[in-house]
Amino acid sequence: MLKLRNALQHRLLEATTQAFPLADVVVDFPLSPATKPEFGDFQANGAMGLAKVLGRPPRRIAQAVVDQLHVDDLCHPPQVAGPGFINFTVRAEVLAAEVEARLDQPRLGVPTAQPQQRVVVDFSSPNIAKEMHVGHLRSTVIGDCIARLLSFLGHRVVRLNHLGDWGTQFGMLIAHLKHMAPRSLSGEERVELGDLVAFYRQAKERFDEDEAFQEQSRREVVNLQAGEPESLRAWQLLCQQSRKAFQAIYDRLDVHLVERGESFYNQALPGVVEDLEQARLLVVDDGARCVFLEGMTAKDGQPLPLIVQKRDGGYNYATTDLAAIRQRLASPDAGGEGAERVVYVTDAGQSNHFAAVFQVAQRAGWVPKGCRLQHVPFGLVQGADGKKLKTRSGATVRLQDLLDEAVDRARRDLVERMAQEQRQNEEDFIAHVAETVGIAAVKYADLSQNRTTNYQFNFDRMLSLQGNTAPYLLYAYVRIQGIARQGGSLVAAAPGAICLQAPQELNLARQLLNFDEVILEMEQDLLPNRLCSYLFGLSQTFNRFYDQLPVLKAPEPSRATRLALCRLSARTMNLGLALLGIKTLDRM
RNA sequence: GGGCAUGUAGCUCAGUUGGAUAGAGCGUCAGAUUCCGGUUCUGAAAGCCGAGGGUUCGAAUCCUUCCAUGCCCGCCA
């Protein structure tokens with residue numbers, strides 16, 4: 001409806017200037033989508049605002065504007081309602097023409113962004129030698145969705161996995177590896193570390209108990225940073241092992257990332273501190289080198305420092321994040337990424353940190369004009385008790401276990417339903433459906449909630465076949481495919497064949513045509529739940545349509561019209577879900 | 001103590017630049033089936049939008065004070 005809205009907005013402004021040719025009044029008369037279906041398709045609320053300026057009753061103003069409006073080709077006569085709203089209802093023939101035009105548009109009416117930018121989306125970011133857990137779920141799912149959206153809009157998107165692959169804890173791990181599997185380092189023996197979490201735990205235990213081991217661990221950190229070959233090899237071995245585990249999960253989630261761990265910026269860290277020194281931002285405080293932040297205070301009301309080099313000379317995460325910003329925003333000739341926008345998808349707890357780091361980057365002059373650094377925060381994943389999600393024994397929930405359970409449950413549901421319906425299906429089918437539904441349910445549950453709030457994780461709810469869930473949406477899609485299987489061609493409609501008559505047809509057409517508005521809205525604030533609630537509403541409208549009107553058995557021209565609506569519904573669902581990172585099924 | 005969030009129906013949550021009578025889903029209760037997959041559809045009950053004050057034609061939305069909850073606050077990320 002974007003095109004229609006723009007056209008109407010244009011005419012509305014013309015009518016307003018005709019009605020009130022006052023040079024000194026800036027006439028702003030915005031047209032927005034109607035807040036309720038009974039108000040039509042669009043509404044204009046400008047009359048109330050102008051009432052004071054013009055010193056006339058708002059309804060009279062609205063009527064004066066309507067009198068100058070020429071929109072007969074697009075709408076029914078606009079209605080003045082309430083205190084002075086103007087309501088517009090688009091003509092059925094116009095809707096039909098829009099539906100027909102959209103049937104063959106690959107982008108379903110969504111324009112590409114102008115200008116197209118180079119965007120870095122930084123998300124997921126697990127730590128080497130630790131397992132991915134619920135904490136990584138939201139970043140991975142939301143980040144992937146945002147990256148998909150921005151690429152769809154035509155931006156050149158680089159999806160970076162800022163892996164925790166460097167730092168003091170590696171000394172401990174390397175030292176432990178050297179004890180456990182010394183021959184693996186020389187390549188004489190292939191080592192399978194197996195459960196890296198257990199390995200990490202062992203190393204940590206030993207570190208806490210054994211003083212000699214502590215000393216050795218510290219030496220390994222120094223060795224690693226100095227590039228000592230054997231320590232480096234141990235480090236690589238650990239990274240490789242983790243990478244395999246991560247990749248298995250990314251494959252399952254259909255999430256693609258470019259690995260760009262913290263170690264990538266290691267060489268740049270001294271330069272970052274030098275730059276800050278050059279920019280006269282650096283202050284030595286209590287032996288640490290830091291930048292004092294503007295507008296941020298610590299507990300005692302003193303200015304808050306961002307430490308970039310510790311007392312012992314080591315660097316910390318703030319330094320790495322600064323190095324990353326500098327590299328991402330630098331031009332490609334300077335070895336940079338040339339990004340015009342960098343989006344960080346991390347939990348809301350890091351808001352302060354990013355505000356600090358962005359401020360320092362800004363003051364250091366690393367952010368070129370027109371470039372934008374953006375933290376996209378999200379809330380915690382909580383259990384049914386409203387507290388941070390844990391297993392029954394109190395441990396962190398492994399992401400792999402969480403996905404397994406979702407798929408298991410989806411499978412049990414499916415098998416039970418098949419028994420009830422006396423349906424026979426191949427094992428391949430069952431496995432594929434269970435996997436798709438399970439993963440979709442987990443993703444959708446996360447995305448369908450406003451990301452800024454904490455989110456209560458609940459298997460029963462997300463896998464339910466009713467309500468705002470992935471299975472409900474997938475089922476609506478499956479129904480359309482069912483029509484196709486029964487002989488309804490969703491391939492094409494004859495030109496001019498669409499004739500919208502029944503209210504269910506008109507409702508569905510309107511909903512379908514709103515897709516473009518929703519995508520642009522989602523782009524504005526990067527809230528995937530906007531798209532989710534749209535797709536849920538579309539599924540509901542479709543189910544009503546499907547329930548109340550026959551498609552295949554309908555006489556012409558209804559049959560062709562309804563098939564066209566089915567086709568556009570399927571395409572819209574498919575594209576919408578794809579932007580969420582969710583795959584559709586033809587049968588389930 | 002400071003900062004950032006959050007507070008809307010029994011539960012889980014939407015609510016667009018301030019717009020019309022406050023919106024879903026689940027649950028509850030009452031209905032629908034000659035139909036392309038009933039995993040559906042129709043309807044009902046359910047609200048002091050945390051509390052007070054302010055801004056204006058108009059506030060869940062903006063400002064302010066307070067209350068409650070969560071997260072963060074110097075060398076971990």
# chains A, B, ... in the order shown; residues from 1 in each chain; ligands from 1
>>> closest_atom_pairs(of="range 29-117 of chain A", to="range 50-58 of chain B", cutoff="10 Å", atoms="only C-alpha atoms (C1' of nucleotides)", output="Markdown table")
| residue | atom | partner | partner_atom | distance |
| --- | --- | --- | --- | --- |
| A:Met48 | CA | B:C57 | C1' | 6.7 |
| A:Gly49 | CA | B:C57 | C1' | 8.1 |
| A:Ala51 | CA | B:C57 | C1' | 8.1 |
| A:Lys52 | CA | B:C57 | C1' | 8.3 |
| A:Pro57 | CA | B:C57 | C1' | 9.6 |
| A:Pro58 | CA | B:C57 | C1' | 8.8 |
| A:Pro83 | CA | B:C57 | C1' | 8.6 |
>>> interface_residues(of="chain A", to="chain B", cutoff="6 Å", atoms="only C-alpha atoms (C1' of nucleotides)", output="VMD selection string")
chain A and resid 299 310 349 465 467 to 468 483
>>> select_by_dssp(residues="range 76-157 of chain A", states="strand (DSSP E)", output="list in words")
Gln79, Val80, Ala81, Phe85, Ile86, Asn87, Phe88, Arg118, Val119, Val120, Val121, Asp122, Arg156 and Val157 of chain A
>>> write_last_selection(atoms="N, CA and C atoms", output="PDB file, in the first residue's frame")
ATOM      1  N   GLN A  79     -14.516  10.315   4.164  1.00  0.00           N
ATOM      2  CA  GLN A  79     -15.504  10.637   5.183  1.00  0.00           C
ATOM      3  C   GLN A  79     -14.860  11.445   6.315  1.00  0.00           C
ATOM      4  N   VAL A  80     -15.544  12.486   6.734  1.00  0.00           N
ATOM      5  CA  VAL A  80     -15.111  13.189   7.938  1.00  0.00           C
ATOM      6  C   VAL A  80     -15.794  12.515   9.123  1.00  0.00           C
ATOM      7  N   ALA A  81     -15.000  12.170  10.125  1.00  0.00           N
ATOM      8  CA  ALA A  81     -15.550  11.408  11.244  1.00  0.00           C
ATOM      9  C   ALA A  81     -14.990  11.920  12.560  1.00  0.00           C
ATOM     10  N   PHE A  85     -11.383  13.581  11.910  1.00  0.00           N
ATOM     11  CA  PHE A  85     -10.595  12.632  11.129  1.00  0.00           C
ATOM     12  C   PHE A  85     -11.123  12.584   9.701  1.00  0.00           C
ATOM     13  N   ILE A  86     -10.234  12.335   8.754  1.00  0.00           N
ATOM     14  CA  ILE A  86     -10.681  12.052   7.392  1.00  0.00           C
ATOM     15  C   ILE A  86     -10.314  10.605   7.087  1.00  0.00           C
ATOM     16  N   ASN A  87     -11.320   9.821   6.757  1.00  0.00           N
ATOM     17  CA  ASN A  87     -11.086   8.402   6.488  1.00  0.00           C
ATOM     18  C   ASN A  87     -11.175   8.093   5.004  1.00  0.00           C
ATOM     19  N   PHE A  88     -10.235   7.273   4.559  1.00  0.00           N
ATOM     20  CA  PHE A  88     -10.171   6.898   3.149  1.00  0.00           C
ATOM     21  C   PHE A  88     -10.349   5.394   3.009  1.00  0.00           C
ATOM     22  N   ARG A 118      26.938  -0.048   3.321  1.00  0.00           N
ATOM     23  CA  ARG A 118      27.690  -1.214   3.753  1.00  0.00           C
ATOM     24  C   ARG A 118      27.474  -1.328   5.260  1.00  0.00           C
ATOM     25  N   VAL A 119      26.891  -2.441   5.661  1.00  0.00           N
ATOM     26  CA  VAL A 119      26.508  -2.590   7.066  1.00  0.00           C
ATOM     27  C   VAL A 119      27.194  -3.804   7.679  1.00  0.00           C
ATOM     28  N   VAL A 120      27.776  -3.620   8.848  1.00  0.00           N
ATOM     29  CA  VAL A 120      28.280  -4.749   9.611  1.00  0.00           C
ATOM     30  C   VAL A 120      27.256  -5.085  10.685  1.00  0.00           C
ATOM     31  N   VAL A 121      26.836  -6.353  10.727  1.00  0.00           N
ATOM     32  CA  VAL A 121      25.997  -6.799  11.834  1.00  0.00           C
ATOM     33  C   VAL A 121      26.837  -7.750  12.678  1.00  0.00           C
ATOM     34  N   ASP A 122      27.019  -7.380  13.927  1.00  0.00           N
ATOM     35  CA  ASP A 122      27.848  -8.142  14.850  1.00  0.00           C
ATOM     36  C   ASP A 122      26.907  -8.890  15.788  1.00  0.00           C
ATOM     37  N   ARG A 156      24.646  -3.867   1.645  1.00  0.00           N
ATOM     38  CA  ARG A 156      25.684  -4.888   1.584  1.00  0.00           C
ATOM     39  C   ARG A 156      26.041  -5.241   3.021  1.00  0.00           C
ATOM     40  N   VAL A 157      25.628  -6.412   3.415  1.00  0.00           N
ATOM     41  CA  VAL A 157      25.721  -6.776   4.827  1.00  0.00           C
ATOM     42  C   VAL A 157      26.857  -7.754   5.074  1.00  0.00           C
TER      43      VAL A 157
END
>>> residues_around(residues="C11 in chain B", least_positions_apart="5", cutoff="12 Å", atoms="only C-alpha atoms (C1' of nucleotides)", output="number ranges by chain")
A: 384, 456, 461; B: 25-28
>>> write_last_selection(atoms="N, CA, C and O atoms (P, O5', C5', C4', C3', O3' and C1' of nucleotides)", output="CSV table (one decimal), in the first residue's frame")
chain,number,residue,atom,x,y,z
A,384,ALA,N,10.1,-20.3,33.5
A,384,ALA,CA,8.7,-20.1,33.8
A,384,ALA,C,8.6,-19.4,35.2
A,384,ALA,O,7.6,-18.7,35.5
A,456,GLN,N,10.1,-14.9,28.4
A,456,GLN,CA,9.8,-16.1,29.2
A,456,GLN,C,9.8,-17.3,28.2
A,456,GLN,O,8.9,-17.4,27.4
A,461,ARG,N,4.2,-23.5,25.1
A,461,ARG,CA,3.6,-22.4,24.4
A,461,ARG,C,4.1,-22.2,23.0
A,461,ARG,O,3.3,-22.0,22.1
B,25,G,P,-7.3,-13.7,19.5
B,25,G,O5',-6.2,-14.7,20.1
B,25,G,C5',-5.2,-15.2,19.2
B,25,G,C4',-4.1,-15.7,20.1
B,25,G,C3',-4.5,-16.7,21.1
B,25,G,O3',-4.7,-18.0,20.6
B,25,G,C1',-3.0,-15.2,22.1
B,26,C,P,-5.9,-18.9,21.2
B,26,C,O5',-5.2,-19.4,22.6
B,26,C,C5',-4.0,-20.1,22.6
B,26,C,C4',-3.5,-20.2,24.1
B,26,C,C3',-4.5,-20.7,25.1
B,26,C,O3',-4.6,-22.2,25.1
B,26,C,C1',-3.5,-18.8,25.9
B,27,G,P,-6.0,-22.9,25.2
B,27,G,O5',-6.4,-22.5,26.7
B,27,G,C5',-5.7,-23.0,27.8
B,27,G,C4',-6.2,-22.3,29.1
B,27,G,C3',-7.7,-22.4,29.3
B,27,G,O3',-8.1,-23.6,29.8
B,27,G,C1',-6.9,-20.2,29.6
B,28,U,P,-9.5,-24.3,29.4
B,28,U,O5',-10.5,-23.2,30.0
B,28,U,C5',-10.6,-23.1,31.4
B,28,U,C4',-11.7,-22.0,31.7
B,28,U,C3',-13.0,-22.3,31.1
B,28,U,O3',-13.8,-23.3,31.7
B,28,U,C1',-12.4,-20.0,30.9
>>> residues_around(residues="U8 in chain B", least_positions_apart="5", cutoff="8 Å", atoms="only C-alpha atoms (C1' of nucleotides)", output="number ranges by chain")
B: 47, 49, 60
>>> closest_residue(among="A:Leu373, A:Asn450, A:Ala268, A:Leu103", to="Gly336 in chain A", atoms="only C-alpha atoms")
A:Ala268
>>> closest_residue(among="A:Asn574, A:Asn161, A:Gln400, A:Gln169", to="Ala324 in chain A", atoms="only C-alpha atoms")
A:Asn161
>>> atom_distance(atom1="CA of Ser125 in chain A", atom2="CA of Gln359 in chain A")
22.3 Å
>>> residues_around(residues="Asp516 in chain A", least_positions_apart="4", cutoff="12 Å", atoms="only C-alpha atoms (C1' of nucleotides)", output="ChimeraX atom specification")
/A:1-5,102,105,107-112,153,510-512,520-523,531,534,572,575-576
>>> atom_distance(atom1="CA of Gly287 in chain A", atom2="CA of Leu173 in chain A")
28.4 Å
>>> residues_around(residues="range 89-101 of chain A", least_positions_apart="6", cutoff="7 Å", atoms="only C-alpha atoms (C1' of nucleotides)", output="list in words")
Gly40, Asp41, Phe42, Leu74, Cys75, His76, Ile498, Cys499, Leu500 and Ala509 of chain A
>>> write_last_selection(atoms="N, CA and C atoms", output="mmCIF file, in the first residue's frame")
data_model
loop_
_atom_site.group_PDB
_atom_site.id
_atom_site.type_symbol
_atom_site.label_atom_id
_atom_site.label_comp_id
_atom_site.auth_asym_id
_atom_site.auth_seq_id
_atom_site.Cartn_x
_atom_site.Cartn_y
_atom_site.Cartn_z
ATOM 1 N N GLY A 40 -11.583 2.291 7.435
ATOM 2 C CA GLY A 40 -11.115 2.245 6.064
ATOM 3 C C GLY A 40 -9.651 1.867 5.996
ATOM 4 N N ASP A 41 -8.962 2.378 4.983
ATOM 5 C CA ASP A 41 -7.564 2.003 4.774
ATOM 6 C C ASP A 41 -6.577 3.029 5.335
ATOM 7 N N PHE A 42 -6.931 4.301 5.162
ATOM 8 C CA PHE A 42 -6.023 5.354 5.644
ATOM 9 C C PHE A 42 -6.809 6.393 6.410
ATOM 10 N N LEU A 74 -9.195 6.445 -6.944
ATOM 11 C CA LEU A 74 -8.558 5.526 -6.004
ATOM 12 C C LEU A 74 -9.474 5.104 -4.855
ATOM 13 N N CYS A 75 -10.276 6.038 -4.391
ATOM 14 C CA CYS A 75 -11.033 5.792 -3.161
ATOM 15 C C CYS A 75 -12.506 6.074 -3.332
ATOM 16 N N HIS A 76 -13.261 5.560 -2.376
ATOM 17 C CA HIS A 76 -14.632 6.011 -2.190
ATOM 18 C C HIS A 76 -14.552 7.423 -1.609
ATOM 19 N N ILE A 498 -8.944 -10.815 -11.536
ATOM 20 C CA ILE A 498 -9.222 -10.657 -10.108
ATOM 21 C C ILE A 498 -10.380 -9.695 -9.880
ATOM 22 N N CYS A 499 -11.343 -10.189 -9.123
ATOM 23 C CA CYS A 499 -12.520 -9.390 -8.829
ATOM 24 C C CYS A 499 -12.866 -9.605 -7.363
ATOM 25 N N LEU A 500 -12.557 -8.623 -6.533
ATOM 26 C CA LEU A 500 -12.746 -8.777 -5.088
ATOM 27 C C LEU A 500 -14.164 -8.402 -4.714
ATOM 28 N N ALA A 509 -6.995 -9.342 0.881
ATOM 29 C CA ALA A 509 -6.248 -8.510 -0.069
ATOM 30 C C ALA A 509 -5.602 -7.325 0.649
#
>>> atom_distance(atom1="C1' of U64 in chain B", atom2="C1' of G7 in chain B")
17.9 Å
>>> decode(residues="range 296-340 of chain A", atoms="C-alpha atoms", output="CSV table (one decimal), in the first residue's frame")
chain,number,residue,atom,x,y,z
A,296,MET,CA,28.7,9.1,32.9
A,297,THR,CA,29.6,8.8,36.6
A,298,ALA,CA,30.6,6.0,38.9
A,299,LYS,CA,29.1,5.2,42.3
A,300,ASP,CA,30.8,8.0,44.1
A,301,GLY,CA,29.8,10.6,41.5
A,302,GLN,CA,33.3,10.7,40.0
A,303,PRO,CA,33.7,10.6,36.2
A,304,LEU,CA,33.7,7.0,35.0
A,305,PRO,CA,36.8,5.7,33.2
A,306,LEU,CA,36.9,3.3,30.3
A,307,ILE,CA,40.0,1.3,30.9
A,308,VAL,CA,41.9,0.5,27.7
A,309,GLN,CA,45.2,-0.7,29.2
A,310,LYS,CA,45.4,-2.5,32.5
A,311,ARG,CA,48.0,-1.7,35.2
A,312,ASP,CA,49.9,-4.8,34.1
A,313,GLY,CA,50.1,-3.6,30.5
A,314,GLY,CA,47.4,-6.0,29.3
A,315,TYR,CA,44.5,-5.0,27.1
A,316,ASN,CA,40.9,-5.7,27.8
A,317,TYR,CA,37.6,-6.1,25.9
A,318,ALA,CA,37.0,-2.3,25.7
A,319,THR,CA,40.3,-2.1,23.8
A,320,THR,CA,39.3,-4.9,21.5
A,321,ASP,CA,35.9,-3.3,20.8
A,322,LEU,CA,37.5,0.0,20.1
A,323,ALA,CA,39.9,-1.7,17.7
A,324,ALA,CA,37.0,-3.4,16.0
A,325,ILE,CA,35.1,-0.1,15.6
A,326,ARG,CA,38.2,1.6,14.1
A,327,GLN,CA,38.8,-1.2,11.7
A,328,ARG,CA,35.1,-1.6,10.7
A,329,LEU,CA,34.7,2.1,10.0
A,330,ALA,CA,38.1,2.6,8.3
A,331,SER,CA,38.1,2.7,4.5
A,332,PRO,CA,39.0,-0.4,2.6
A,333,ASP,CA,42.3,1.3,1.3
A,334,ALA,CA,43.3,1.6,5.0
A,335,GLY,CA,42.6,-2.1,5.6
A,336,GLY,CA,39.2,-1.4,7.0
A,337,GLU,CA,35.7,-2.7,6.4
A,338,GLY,CA,34.4,0.6,5.0
A,339,ALA,CA,31.2,0.2,7.0
A,340,GLU,CA,28.7,3.0,7.1
